[in-house]
Amino acid sequence: MEILHGVSVRLDEGEIVAILGPNGAGKSTLIKTIFGLLRPTRGRVWLRGQEITGLAPEELVAQGIGYVPQVGNVFPSLTVRENLEMAGYPLTRDAPDGLDLAGRILRILRNPARKEIDRRIQEVLGVFPDLASRVRARVGDLSGGQQQMVALAKSLVLGPRVLLIDEPSAGLAPKLVDAVFEKITEIRDQGTSLIVVEQRARRILALADRGYILDTGRNKFEDRGEALLRNPEIGRLYLGG
Ligand SMILES: Nc1ncnc2c1ncn2[C@@H]1O[C@H](COP(=O)(O)OP(=O)(O)OP(=O)(O)O)[C@@H](O)[C@H]1O
Ligand SMILES: [Mg+2]
């Protein structure tokens with residue numbers, strides 16, 4: 001089934017770009033298509049002048065793209081630290097095939113990439129001091145806000161240059177929403193460009209450089225964040241008055 005019909009989105013270096021629009025507009029579909037989880041029937045995806053349409057997610061990860069899904073973005077039964085270690089797994093993938101499971105696990109445990117993963121985890125925990133004190137906690141036992149922080153932290157372990165985040169504030173209390181949005185700004189300031197899908201349109205536009213409003217799988221509006229916020233028609237139709 002065709003869900004997107006001629007959507008066009010651009011992300012420049014160092015930007016936060018917001019993707020807004022009503023439920024079912026195609027926002028998650030757009031992000032999944034960029035990340036190679038869905039294959040477009042038409043249209044192309046480019047990264048720094050190179051076409052990446054149709055590449056598998058793991059290849060895109062290797063090219064510096066990260067993705068935080070709308071749901072299921074952490075392993076609840078694992079600890080914070082284990083979640084972060086899992087996120088570093090692609091760094092261990094020089095292991096030769098043909099090993100049995102135990103062989104592969106041993107290989108991973110002894111892999112020199114481990115040191116690199118540990119180093120990156122320490123770096124990421126520096127950005128999330130609240131998680132640093134809870135590395136042994138089971139993620140399923142953490143609050144919704146903390147779990148969302150784990151999801152963001154996971155996505156940073158590989159040091160992505162581009163991060164795609166689907167509804168990071170969903171289901172969070174207002175104070176936690178503030179914390180998540182602050183982190184998003186911090187991530188941008190540290191050199192990662194972000195595409196963020198959000199329902200809290202006014203909040204994300206206040207910190208986004210530019211925004212796109214999708215409706216029924218099409219681009220409806222596109223402008224600088226503050227310009228979208230100031231437009232009364234957009235306010236009435238898409239930003240809740
Ligand atoms: N796997 C699928 N098969 C068929 N239809 C789908 C599939 N995934 C999504 N859709 C439909 O595509 C449309 C866009 O869905 P999508 O999840 O991209 O919307 P969204 O903008 O992310 O919405 P929300 O704000 O609710 O997360 C919806 O009508 C949805 O029902
Ligand atoms: Mg969605």
# chains A, B, ... in the order shown; residues from 1 in each chain; ligands from 1
call {"tool": "residues_near_ligand", "arguments": {"ligand": "ligand 1", "cutoff": "6 Å", "atoms": "only C-alpha atoms and all ligand atoms", "output": "list of chain:residue names"}}
result
A:Ile3, A:Pro22, A:Asn23, A:Gly24, A:Ala25, A:Gly26, A:Lys27, A:Ser28, A:Thr29
call {"tool": "write_last_selection", "arguments": {"atoms": "N, CA and C atoms", "output": "PDB file, in the first residue's frame"}}
result
ATOM      1  N   ILE A   3       1.723   4.839   1.071  1.00  0.00           N
ATOM      2  CA  ILE A   3       1.355   5.700   2.196  1.00  0.00           C
ATOM      3  C   ILE A   3       1.891   7.113   2.007  1.00  0.00           C
ATOM      4  N   PRO A  22      -0.845  15.057  11.840  1.00  0.00           N
ATOM      5  CA  PRO A  22      -1.793  14.253  12.613  1.00  0.00           C
ATOM      6  C   PRO A  22      -1.453  12.757  12.609  1.00  0.00           C
ATOM      7  N   ASN A  23      -2.120  12.013  13.470  1.00  0.00           N
ATOM      8  CA  ASN A  23      -1.955  10.557  13.510  1.00  0.00           C
ATOM      9  C   ASN A  23      -2.247   9.988  12.135  1.00  0.00           C
ATOM     10  N   GLY A  24      -1.404   9.066  11.720  1.00  0.00           N
ATOM     11  CA  GLY A  24      -1.629   8.409  10.437  1.00  0.00           C
ATOM     12  C   GLY A  24      -1.144   9.217   9.245  1.00  0.00           C
ATOM     13  N   ALA A  25      -0.477  10.354   9.498  1.00  0.00           N
ATOM     14  CA  ALA A  25      -0.017  11.208   8.396  1.00  0.00           C
ATOM     15  C   ALA A  25       1.097  10.552   7.590  1.00  0.00           C
ATOM     16  N   GLY A  26       1.803   9.621   8.222  1.00  0.00           N
ATOM     17  CA  GLY A  26       2.911   8.959   7.517  1.00  0.00           C
ATOM     18  C   GLY A  26       4.278   9.307   8.104  1.00  0.00           C
ATOM     19  N   LYS A  27       4.292   9.877   9.279  1.00  0.00           N
ATOM     20  CA  LYS A  27       5.555  10.320   9.884  1.00  0.00           C
ATOM     21  C   LYS A  27       6.488   9.143  10.182  1.00  0.00           C
ATOM     22  N   SER A  28       5.940   8.124  10.856  1.00  0.00           N
ATOM     23  CA  SER A  28       6.782   6.953  11.152  1.00  0.00           C
ATOM     24  C   SER A  28       7.195   6.250   9.861  1.00  0.00           C
ATOM     25  N   THR A  29       6.276   6.188   8.910  1.00  0.00           N
ATOM     26  CA  THR A  29       6.591   5.558   7.619  1.00  0.00           C
ATOM     27  C   THR A  29       7.757   6.273   6.948  1.00  0.00           C
TER      28      THR A  29
END
call {"tool": "select_by_dssp", "arguments": {"residues": "chain A", "states": "alpha helix (DSSP H)", "output": "MDAnalysis selection string"}}
result
chainID A and resid 27:34 57:62 80:87 101:110 113:127 129:132 144:156 174:189 201:207 225:230 232:238
call {"tool": "residues_around", "arguments": {"residues": "region 119-136 of chain A", "least_positions_apart": "5", "cutoff": "7 Å", "atoms": "only C-alpha atoms", "output": "ChimeraX atom specification"}}
result
/A:79-81,84,153,156-157
call {"tool": "write_last_selection", "arguments": {"atoms": "N, CA and C atoms", "output": "JSON list (two decimals), in the first residue's frame"}}
result
[["chain", "number", "residue", "atom", "x", "y", "z"],
["A", 79, "THR", "N", 19.86, -4.81, 31.75],
["A", 79, "THR", "CA", 20.23, -3.62, 32.53],
["A", 79, "THR", "C", 20.56, -2.46, 31.59],
["A", 80, "VAL", "N", 20.70, -1.28, 32.20],
["A", 80, "VAL", "CA", 21.08, -0.10, 31.43],
["A", 80, "VAL", "C", 22.38, -0.36, 30.69],
["A", 81, "ARG", "N", 23.34, -0.89, 31.44],
["A", 81, "ARG", "CA", 24.65, -1.13, 30.84],
["A", 81, "ARG", "C", 24.57, -2.14, 29.69],
["A", 84, "LEU", "N", 23.28, -0.61, 26.59],
["A", 84, "LEU", "CA", 24.29, 0.20, 25.90],
["A", 84, "LEU", "C", 25.30, -0.70, 25.20],
["A", 153, "ALA", "N", 20.31, 7.28, 24.84],
["A", 153, "ALA", "CA", 21.72, 6.95, 25.13],
["A", 153, "ALA", "C", 22.19, 5.84, 24.20],
["A", 156, "LEU", "N", 23.29, 6.79, 20.84],
["A", 156, "LEU", "CA", 24.50, 7.61, 20.73],
["A", 156, "LEU", "C", 25.79, 6.79, 20.82],
["A", 157, "VAL", "N", 25.66, 5.52, 21.21],
["A", 157, "VAL", "CA", 26.87, 4.72, 21.47],
["A", 157, "VAL", "C", 27.76, 4.65, 20.22]]
call {"tool": "residues_around", "arguments": {"residues": "Val180 (chain A)", "least_positions_apart": "3", "cutoff": "10 Å", "atoms": "only C-alpha atoms", "output": "PDB file with C-alpha atoms, in the first residue's frame"}}
result
ATOM      1  CA  GLY A 145      11.275   9.029  31.283  1.00  0.00           C
ATOM      2  CA  GLN A 146      14.368   7.113  32.276  1.00  0.00           C
ATOM      3  CA  GLN A 148      13.391   7.075  27.029  1.00  0.00           C
ATOM      4  CA  MET A 149      16.781   8.384  28.190  1.00  0.00           C
ATOM      5  CA  LEU A 152      18.489   8.048  23.442  1.00  0.00           C
ATOM      6  CA  PRO A 168      10.612  10.846  21.951  1.00  0.00           C
ATOM      7  CA  SER A 169       8.172  12.562  24.320  1.00  0.00           C
ATOM      8  CA  LEU A 172       5.934  11.288  29.298  1.00  0.00           C
ATOM      9  CA  PRO A 174       5.677  17.382  31.278  1.00  0.00           C
ATOM     10  CA  LYS A 175       8.803  17.578  33.429  1.00  0.00           C
ATOM     11  CA  LEU A 176      10.288  14.540  31.699  1.00  0.00           C
ATOM     12  CA  VAL A 177       9.359  16.005  28.328  1.00  0.00           C
ATOM     13  CA  LYS A 183      18.905  16.186  25.679  1.00  0.00           C
ATOM     14  CA  ILE A 184      17.903  16.512  22.043  1.00  0.00           C
ATOM     15  CA  THR A 185      19.319  20.029  21.979  1.00  0.00           C
ATOM     16  CA  GLU A 186      22.483  18.799  23.682  1.00  0.00           C
TER      17      GLU A 186
END
call {"tool": "atom_distance", "arguments": {"atom1": "CA of Gly88 (chain A)", "atom2": "CA of Lys154 (chain A)"}}
result
8.3 Å
call {"tool": "residues_around", "arguments": {"residues": "Asn111 (chain A)", "least_positions_apart": "3", "cutoff": "12 Å", "atoms": "only C-alpha atoms", "output": "ChimeraX atom specification"}}
result
/A:88-96,103-108,114-118
call {"tool": "select_by_dssp", "arguments": {"residues": "region 8-54 of chain A", "states": "strand (DSSP E or B)", "output": "PyMOL selection string"}}
result
chain A and resi 16-20+46-47+50-51
call {"tool": "write_last_selection", "arguments": {"atoms": "N, CA and C atoms", "output": "CSV table (one decimal), in the first residue's frame"}}
result
chain,number,residue,atom,x,y,z
A,16,ILE,N,18.2,20.6,13.8
A,16,ILE,CA,17.1,19.7,14.3
A,16,ILE,C,16.0,20.0,13.3
A,17,VAL,N,15.5,19.0,12.7
A,17,VAL,CA,14.3,19.2,11.8
A,17,VAL,C,13.1,18.4,12.4
A,18,ALA,N,12.0,19.1,12.6
A,18,ALA,CA,10.8,18.5,13.2
A,18,ALA,C,9.9,18.0,12.1
A,19,ILE,N,9.4,16.8,12.3
A,19,ILE,CA,8.3,16.3,11.4
A,19,ILE,C,7.0,16.2,12.2
A,20,LEU,N,6.0,17.0,11.7
A,20,LEU,CA,4.8,17.1,12.5
A,20,LEU,C,3.6,16.6,11.6
A,46,TRP,N,19.2,10.3,0.1
A,46,TRP,CA,20.6,10.7,-0.1
A,46,TRP,C,21.3,11.0,1.2
A,47,LEU,N,22.5,10.7,1.3
A,47,LEU,CA,23.3,11.1,2.5
A,47,LEU,C,24.6,11.7,2.0
A,50,GLN,N,25.5,11.0,-1.5
A,50,GLN,CA,25.5,9.6,-2.0
A,50,GLN,C,24.2,9.0,-1.8
A,51,GLU,N,23.7,8.3,-2.8
A,51,GLU,CA,22.4,7.7,-2.7
A,51,GLU,C,22.4,6.5,-1.8
